[in-house]
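Below is the file entry34.txt, which contains compact mmCIF, C-alpha atoms.
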```
# COMPACT_ATOMS: atom_id res chain seq x y z
CA THR G 98 202.30 32.27 131.03
CA MET G 99 199.29 30.58 132.61
CA VAL G 100 199.21 29.75 136.29
CA ASN G 101 198.53 26.02 136.65
CA THR G 102 197.13 26.25 140.18
CA PRO G 103 193.85 28.12 140.66
CA LYS G 104 194.05 31.24 142.83
CA ARG G 105 191.44 31.59 145.56
CA GLN G 106 189.94 35.08 146.00
CA GLY G 107 187.66 34.81 149.03
CA LYS G 108 185.32 31.96 148.19
CA TYR G 109 185.81 32.39 144.44
CA ILE G 110 188.51 30.58 142.45
CA ILE G 111 190.14 32.72 139.78
CA ARG G 112 192.23 31.13 137.00
CA ARG G 113 194.44 33.87 135.63
CA GLU G 114 197.49 34.80 133.66
CA ILE G 115 200.47 36.36 135.43
CA ASN G 116 200.33 40.18 135.42
CA VAL G 117 197.13 40.23 133.38
CA LYS G 118 194.15 42.06 134.85
CA GLY G 119 190.58 40.97 134.38
CA LYS G 120 187.83 42.92 132.64
CA LEU G 121 184.77 44.63 134.05
CA PHE G 122 181.74 43.94 131.84
CA ILE G 123 178.78 46.37 132.02
CA CYS G 124 175.76 44.15 131.37
CA PRO G 125 172.33 45.76 130.85
CA THR G 126 169.40 43.57 131.86
CA PRO G 127 165.72 43.68 130.84
CA ILE G 128 163.55 46.46 132.28
CA GLY G 129 160.54 44.14 132.15
CA ASN G 130 160.28 41.57 129.41
CA LEU G 131 162.92 38.87 129.97
CA GLU G 132 163.41 38.49 126.22
CA ASP G 133 164.97 41.97 126.06
CA ILE G 134 168.55 40.85 126.65
CA THR G 135 171.28 40.41 124.08
CA LEU G 136 172.96 37.14 123.16
CA ARG G 137 176.30 38.73 124.00
CA VAL G 138 175.21 39.65 127.53
CA LEU G 139 173.97 36.09 128.11
CA ARG G 140 177.31 34.68 126.95
CA VAL G 141 179.28 37.02 129.20
CA LEU G 142 177.10 36.22 132.22
CA GLU G 143 177.93 32.58 131.69
CA GLU G 144 181.67 33.05 131.11
CA VAL G 145 182.79 35.60 133.76
CA ASP G 146 184.26 34.52 137.07
CA ILE G 147 181.62 36.33 139.11
CA ILE G 148 178.50 38.46 138.65
CA ALA G 149 178.05 41.55 140.83
CA ALA G 150 174.29 42.10 141.15
CA GLU G 151 172.19 44.84 142.74
CA ASP G 152 169.82 42.18 144.10
CA THR G 153 171.00 38.59 143.69
CA ARG G 154 167.41 37.31 143.90
CA VAL G 155 166.34 39.39 140.89
CA THR G 156 169.40 38.43 138.84
CA ARG G 157 169.00 34.76 139.76
CA LYS G 158 165.57 34.79 138.07
CA ILE G 159 167.21 35.91 134.83
CA LEU G 160 169.99 33.32 135.13
CA ASN G 161 167.50 30.55 135.86
CA HIS G 162 165.34 31.61 132.92
CA TYR G 163 168.33 31.16 130.58
CA HIS G 164 169.78 28.14 132.43
CA ILE G 165 172.96 29.97 133.42
CA ARG G 166 174.92 28.76 136.44
CA ASN G 167 177.42 31.21 137.86
CA SER G 168 178.53 32.80 141.13
CA LEU G 169 176.70 35.90 142.34
CA THR G 170 177.67 38.56 144.86
CA SER G 171 175.60 41.55 145.98
CA TYR G 172 176.61 45.05 144.90
CA HIS G 173 174.07 47.67 145.95
CA GLY G 174 173.74 51.21 147.25
CA HIS G 175 174.52 50.28 150.86
CA ASN G 176 177.74 48.35 150.23
CA GLU G 177 179.11 50.02 147.08
CA TRP G 178 182.39 51.20 148.56
CA GLN G 179 183.23 47.97 150.39
CA LYS G 180 182.20 45.72 147.50
CA SER G 181 184.08 47.88 145.00
CA GLN G 182 187.32 47.08 146.87
CA GLU G 183 186.55 43.34 146.84
CA LEU G 184 185.71 43.36 143.15
CA LEU G 185 188.87 45.35 142.39
CA ARG G 186 190.96 42.63 144.04
CA ILE G 187 189.31 40.01 141.85
CA LEU G 188 189.88 42.12 138.72
CA LYS G 189 193.53 42.77 139.61
CA ASP G 190 194.04 39.04 140.11
CA GLY G 191 192.86 38.38 136.58
CA GLY G 192 189.21 37.58 137.24
CA ASP G 193 186.47 38.87 134.94
CA VAL G 194 183.47 40.54 136.61
CA ALA G 195 180.00 41.19 135.14
CA LEU G 196 178.16 44.16 136.67
CA VAL G 197 174.35 44.09 136.53
CA SER G 198 171.53 46.05 138.15
CA ASP G 199 167.98 44.87 138.76
CA ALA G 200 166.80 46.38 135.48
CA GLY G 201 168.39 48.44 132.74
CA THR G 202 171.96 49.70 132.54
CA PRO G 203 174.17 49.72 135.67
CA GLY G 204 175.18 53.23 136.75
CA ILE G 205 172.04 54.92 135.41
CA SER G 206 170.03 55.67 138.58
CA ASP G 207 171.35 52.31 139.81
CA PRO G 208 174.58 51.17 141.55
CA GLY G 209 177.67 50.95 139.37
CA GLU G 210 179.30 54.35 139.25
CA LYS G 211 181.79 53.70 142.08
CA ILE G 212 183.19 50.40 140.77
CA ILE G 213 183.45 51.84 137.25
CA GLN G 214 185.36 54.89 138.51
CA ALA G 215 187.64 52.68 140.62
CA ALA G 216 188.31 50.39 137.66
CA VAL G 217 189.22 53.38 135.48
CA GLU G 218 191.69 54.61 138.12
CA GLU G 219 193.29 51.14 138.32
CA GLY G 220 193.67 50.85 134.56
CA ILE G 221 191.24 47.95 134.30
CA GLU G 222 189.53 47.45 130.95
CA ILE G 223 185.80 48.23 130.97
CA VAL G 224 183.64 46.52 128.37
CA TYR G 225 180.23 48.08 127.74
CA MET G 226 177.47 46.10 126.07
CA PRO G 227 174.37 47.78 124.60
CA GLY G 228 171.04 47.04 126.20
CA ALA G 229 167.88 48.34 127.82
CA SER G 230 167.62 51.78 129.43
CA ALA G 231 164.18 52.86 130.63
CA PHE G 232 164.58 56.61 130.15
CA ILE G 233 165.63 56.23 126.50
CA GLY G 234 162.62 54.03 125.81
CA GLY G 235 160.34 56.50 127.56
CA LEU G 236 161.70 59.41 125.53
CA VAL G 237 161.26 57.58 122.23
CA VAL G 238 157.62 56.59 122.81
CA SER G 239 156.64 59.96 124.33
CA GLY G 240 156.36 61.66 120.96
CA LEU G 241 158.30 64.67 122.29
CA PRO G 242 161.48 66.05 120.67
CA THR G 243 164.42 63.64 120.86
CA ASP G 244 167.15 65.77 119.24
CA ARG G 245 168.16 67.39 122.55
CA PHE G 246 167.22 66.09 125.97
CA CYS G 247 168.27 66.17 129.61
CA PHE G 248 167.98 63.16 131.95
CA GLU G 249 167.49 64.28 135.55
CA GLY G 250 166.73 60.93 137.20
CA PHE G 251 164.78 61.19 140.48
CA LEU G 252 163.91 64.64 141.80
CA PRO G 253 164.53 65.42 145.51
CA ARG G 254 161.89 64.00 147.84
CA LYS G 255 161.44 67.16 149.91
CA LYS G 256 159.01 69.64 148.36
CA ASN G 257 161.17 72.76 148.71
CA GLN G 258 164.19 71.03 147.20
CA ARG G 259 162.10 69.51 144.40
CA LYS G 260 160.61 72.88 143.48
CA ALA G 261 164.04 74.49 143.53
CA ALA G 262 165.31 71.80 141.14
CA LEU G 263 162.38 72.39 138.80
CA GLU G 264 162.87 76.17 138.95
CA SER G 265 166.47 75.67 137.80
CA LEU G 266 165.19 73.79 134.73
CA LYS G 267 162.21 75.93 133.70
CA ASN G 268 164.15 77.83 131.00
CA ASP G 269 165.92 74.73 129.65
CA THR G 270 164.83 74.22 126.03
CA ARG G 271 165.75 70.52 125.98
CA THR G 272 163.19 67.76 126.55
CA LEU G 273 163.32 66.94 130.27
CA ILE G 274 163.21 63.35 131.56
CA PHE G 275 162.56 62.29 135.15
CA TYR G 276 161.98 59.11 137.11
CA GLU G 277 159.33 59.30 139.82
CA ALA G 278 157.77 57.05 142.46
CA PRO G 279 154.00 56.34 142.23
CA HIS G 280 153.23 57.83 145.65
CA ARG G 281 154.87 61.17 144.71
CA VAL G 282 153.86 61.56 141.09
CA LEU G 283 150.72 63.69 141.66
CA GLU G 284 152.58 66.13 143.89
CA THR G 285 155.42 66.32 141.38
CA LEU G 286 153.00 66.97 138.51
CA ARG G 287 151.37 69.81 140.51
CA ASP G 288 154.77 71.38 141.07
CA MET G 289 155.57 71.06 137.37
CA ILE G 290 152.28 72.72 136.37
CA GLU G 291 152.98 75.63 138.70
CA ILE G 292 156.59 76.11 137.58
CA PHE G 293 156.59 75.02 133.93
CA GLY G 294 153.10 76.21 133.00
CA CYS G 295 151.23 74.64 130.09
CA ARG G 296 153.58 72.21 128.36
CA LYS G 297 153.27 68.96 126.45
CA ALA G 298 154.17 65.95 128.54
CA ALA G 299 154.03 62.18 128.70
CA LEU G 300 153.93 59.73 131.57
CA VAL G 301 155.31 56.31 130.66
CA ARG G 302 154.46 53.48 133.02
CA GLU G 303 155.65 49.85 133.24
CA LEU G 304 157.59 50.00 129.96
CA THR G 305 157.89 46.55 128.26
CA LYS G 306 155.76 44.94 130.99
CA LYS G 307 152.23 43.51 130.82
CA PHE G 308 150.51 46.75 131.89
CA GLU G 309 152.64 49.14 129.82
CA GLU G 310 150.95 52.52 129.41
CA VAL G 311 151.75 55.90 127.85
CA ILE G 312 149.68 58.96 128.83
CA ARG G 313 150.25 61.92 126.52
CA GLY G 314 148.89 65.46 126.67
CA SER G 315 149.52 68.69 128.54
CA LEU G 316 150.86 68.56 132.09
CA GLU G 317 147.36 69.41 133.34
CA GLU G 318 145.81 66.61 131.26
CA VAL G 319 148.31 64.05 132.51
CA HIS G 320 147.68 65.21 136.08
CA GLU G 321 143.89 64.97 135.68
CA CYS G 322 144.18 61.48 134.16
CA ILE G 323 146.23 60.20 137.09
CA LYS G 324 144.26 62.05 139.79
CA VAL G 325 140.99 60.22 139.14
CA ARG G 326 142.56 56.80 139.65
CA ASP G 327 142.37 54.96 142.94
CA THR G 328 146.00 53.96 142.64
CA ILE G 329 148.90 53.99 140.24
CA LYS G 330 151.68 51.44 140.32
CA GLY G 331 154.92 50.57 138.62
CA GLU G 332 158.01 52.26 137.27
CA LEU G 333 157.17 55.81 136.14
CA ILE G 334 158.98 58.04 133.65
CA LEU G 335 157.94 61.69 133.17
CA ILE G 336 158.94 63.37 129.91
CA ILE G 337 158.34 67.12 129.66
CA HIS G 338 158.64 69.41 126.63
CA GLY G 339 161.44 71.93 127.02
CA ALA G 340 160.90 75.68 127.36
CA ASP G 341 160.09 77.49 124.15
CA THR G 342 162.77 79.68 122.64
CA ALA G 343 162.35 83.46 122.42
CA ASP G 344 161.37 83.13 118.75
CA ASP G 345 158.67 80.58 119.57
CA MET G 346 157.26 82.81 122.30
CA GLU G 347 156.91 85.71 119.86
CA MET G 348 154.91 83.46 117.53
CA ASP G 349 152.57 82.38 120.36
CA PRO G 350 150.86 85.52 121.75
CA PRO G 351 149.12 84.12 124.91
CA GLN G 352 151.91 84.85 127.37
CA TRP G 353 150.13 83.01 130.20
CA LYS G 354 150.95 79.71 128.55
CA TYR G 355 154.49 80.16 129.83
CA TRP G 356 153.47 80.95 133.42
CA GLY G 357 152.66 78.68 136.31
CA VAL G 358 149.13 78.81 137.74
CA SER G 359 150.02 80.97 140.76
CA ARG G 360 151.82 83.53 138.62
CA HIS G 361 148.89 83.64 136.21
CA VAL G 362 146.53 84.60 139.06
CA ALA G 363 149.04 87.11 140.43
CA GLU G 364 149.45 88.80 137.03
CA LEU G 365 145.68 89.26 136.73
CA THR G 366 145.27 90.64 140.25
CA GLU G 367 148.06 93.15 139.56
CA VAL G 368 146.07 94.60 136.65
CA GLY G 369 142.88 95.00 138.68
CA TYR G 370 141.13 91.64 138.87
CA GLY G 371 139.70 90.58 142.22
CA THR G 372 141.00 87.26 143.50
CA GLY G 373 137.73 85.46 142.72
CA GLN G 374 137.63 86.95 139.21
CA ALA G 375 141.25 86.04 138.58
CA VAL G 376 140.71 82.45 139.74
CA LYS G 377 137.62 82.13 137.52
CA GLU G 378 139.52 83.50 134.50
CA VAL G 379 142.56 81.26 135.05
CA ALA G 380 140.41 78.18 135.61
CA GLY G 381 138.51 78.85 132.38
CA LEU G 382 141.60 79.46 130.25
CA ARG G 383 143.46 76.43 131.57
CA GLY G 384 140.54 74.04 131.82
CA LEU G 385 141.09 73.51 135.55
CA PRO G 386 138.56 73.27 138.40
CA ARG G 387 138.55 76.47 140.49
CA ARG G 388 139.37 74.49 143.65
CA ASP G 389 142.62 73.34 142.01
CA VAL G 390 143.57 76.92 141.16
CA TYR G 391 142.94 77.94 144.79
CA LYS G 392 145.07 74.96 145.90
CA TYR G 393 148.01 76.13 143.76
CA ILE G 394 147.74 79.62 145.25
CA LEU G 395 147.74 78.29 148.81
CA GLU G 396 150.70 75.98 148.14
CA SER G 397 152.60 78.88 146.62
CA LYS G 398 151.99 81.03 149.74
CA ASP G 399 153.15 78.15 151.97
CA GLN G 400 156.53 78.21 150.24
CA ILE G 401 157.13 81.93 150.79
```

Output the structure of this file as structure tokens.
Amino acid sequence: TMVNTPKRQGKYIIRREINVKGKLFICPTPIGNLEDITLRVLRVLEEVDIIAAEDTRVTRKILNHYHIRNSLTSYHGHNEWQKSQELLRILKDGGDVALVSDAGTPGISDPGEKIIQAAVEEGIEIVYMPGASAFIGGLVVSGLPTDRFCFEGFLPRKKNQRKAALESLKNDTRTLIFYEAPHRVLETLRDMIEIFGCRKAALVRELTKKFEEVIRGSLEEVHECIKVRDTIKGELILIIHGADTADDMEMDPPQWKYWGVSRHVAELTEVGYGTGQAVKEVAGLRGLPRRDVYKYILESKDQI
């Protein structure tokens, strides 16, 4: 039975059926190019009672581009718990809610997890719609194995914690995917070279945008390519080849390929090389400047 009189939920008017809950729609949005949105998502954004957006200004640009008029409310990392309760009340009163983030799929390194969990606990129907996800796009264009992969999102900001996280992944044979900020990417790449050794990698930047770029090569080559630039901007995705299996290692005799730079130097000094000789040998084998090898050694000692 339909209620003839609209129900007011805060400043939003919800027309609902008695004892019928609304639906929570998970709406992916473009990660760059505004054309990368489905017809179904556009229809839902127009039809729901309210849109919960990570940044209403960003979402308003999408709505204006497609001439959609609808109510927006903010739902971001600083108000997730409070806003989840408000949105739950709307859903329980029969209102439909669309959840969007600034770019990509809500809940993937973006707000969304709390309201989705709360909706599940309340027995509210969740409707997922396919759409853009930056890390999947980065993996596909990287040229690295896609059969098994691990998405790690953003690494810890503090160096010790970041290196510990990388150490825990160094024997993982899956392709590893990370998000990283431009101002930390060089430091992160240096840590990866030290811990992962010589591996294939790709850095994907500004996917689907005007200055889209994919840099492929070894970790060292990617690092060298970025290091010579005055600046690097945009959304960055790092994709790293997984650790080789035991069988692969037996087929590839140079054991040092599976060591970090500091360990490589240490292994040579243990068998009689002087430090200068070891640095020269490692630099030559890896195609690195000697000063970079010394830098890795010093950084390694700082962490002890």

Considering all atoms listed in the file, return as JSON, numbers by chain whatever protein or nucleic-acid residues lie within 6 Å of range 353-359 of chain G, sequence-local ones (same chain, fewer than 5 positions apart) excluded. {"G": [290, 291, 292, 293, 294, 295, 394]}

May I have the residues within 10 Å of Gly220 in chain G as a PyMOL selection string, using only C-alpha atoms and disregarding those fewer than 5 positions away in the same chain? chain G and resi 118+189+215

Keeping only C-alpha atoms, write the selected residues as a JSON list (two decimals), keeping the file's coordinate frame.
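File written: result_13.json
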```json
[["chain", "number", "residue", "atom", "x", "y", "z"],
["G", 118, "LYS", "CA", 194.15, 42.06, 134.85],
["G", 189, "LYS", "CA", 193.53, 42.77, 139.61],
["G", 215, "ALA", "CA", 187.64, 52.68, 140.62]]
```

Find the residues around Cys322 in chain G up to 12 Å (only C-alpha atoms counted), leave out those fewer than 6 positions away in its own chain, and share them as a ChimeraX atom specification. /G:282-283,286,299-300,311-316,328-329

If you count all atoms listed in the file, which residues fall within 12 Å of Ala375 in chain G, apart from same-chain ones fewer than 2 positions away, as an MDAnalysis selection string? chainID G and resid 358:373 377:382 387 390:391 394

Separation of CA of Leu121 in chain G and CA of Phe232 in chain G, in Å?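 Separating CA of Leu121 in chain G from CA of Phe232 in chain G is a distance of 23.8 Å.
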
Quick one: contact table of range 123-242 of chain G to range 250-274 of chain G, 9 Å max, nearest atom pair and distance in Å to one decimal per residue, counting all atoms listed in the file, chain and number order, as CSV?
```
residue,atom,partner,partner_atom,distance
G:Ile205,CA,G:Gly250,CA,8.2
G:Ser206,CA,G:Gly250,CA,6.4
G:Phe232,CA,G:Ile274,CA,7.0
G:Gly235,CA,G:Ile274,CA,8.4
G:Leu236,CA,G:Ile274,CA,7.4
G:Leu241,CA,G:Thr272,CA,7.2
G:Pro242,CA,G:Thr272,CA,6.4
```
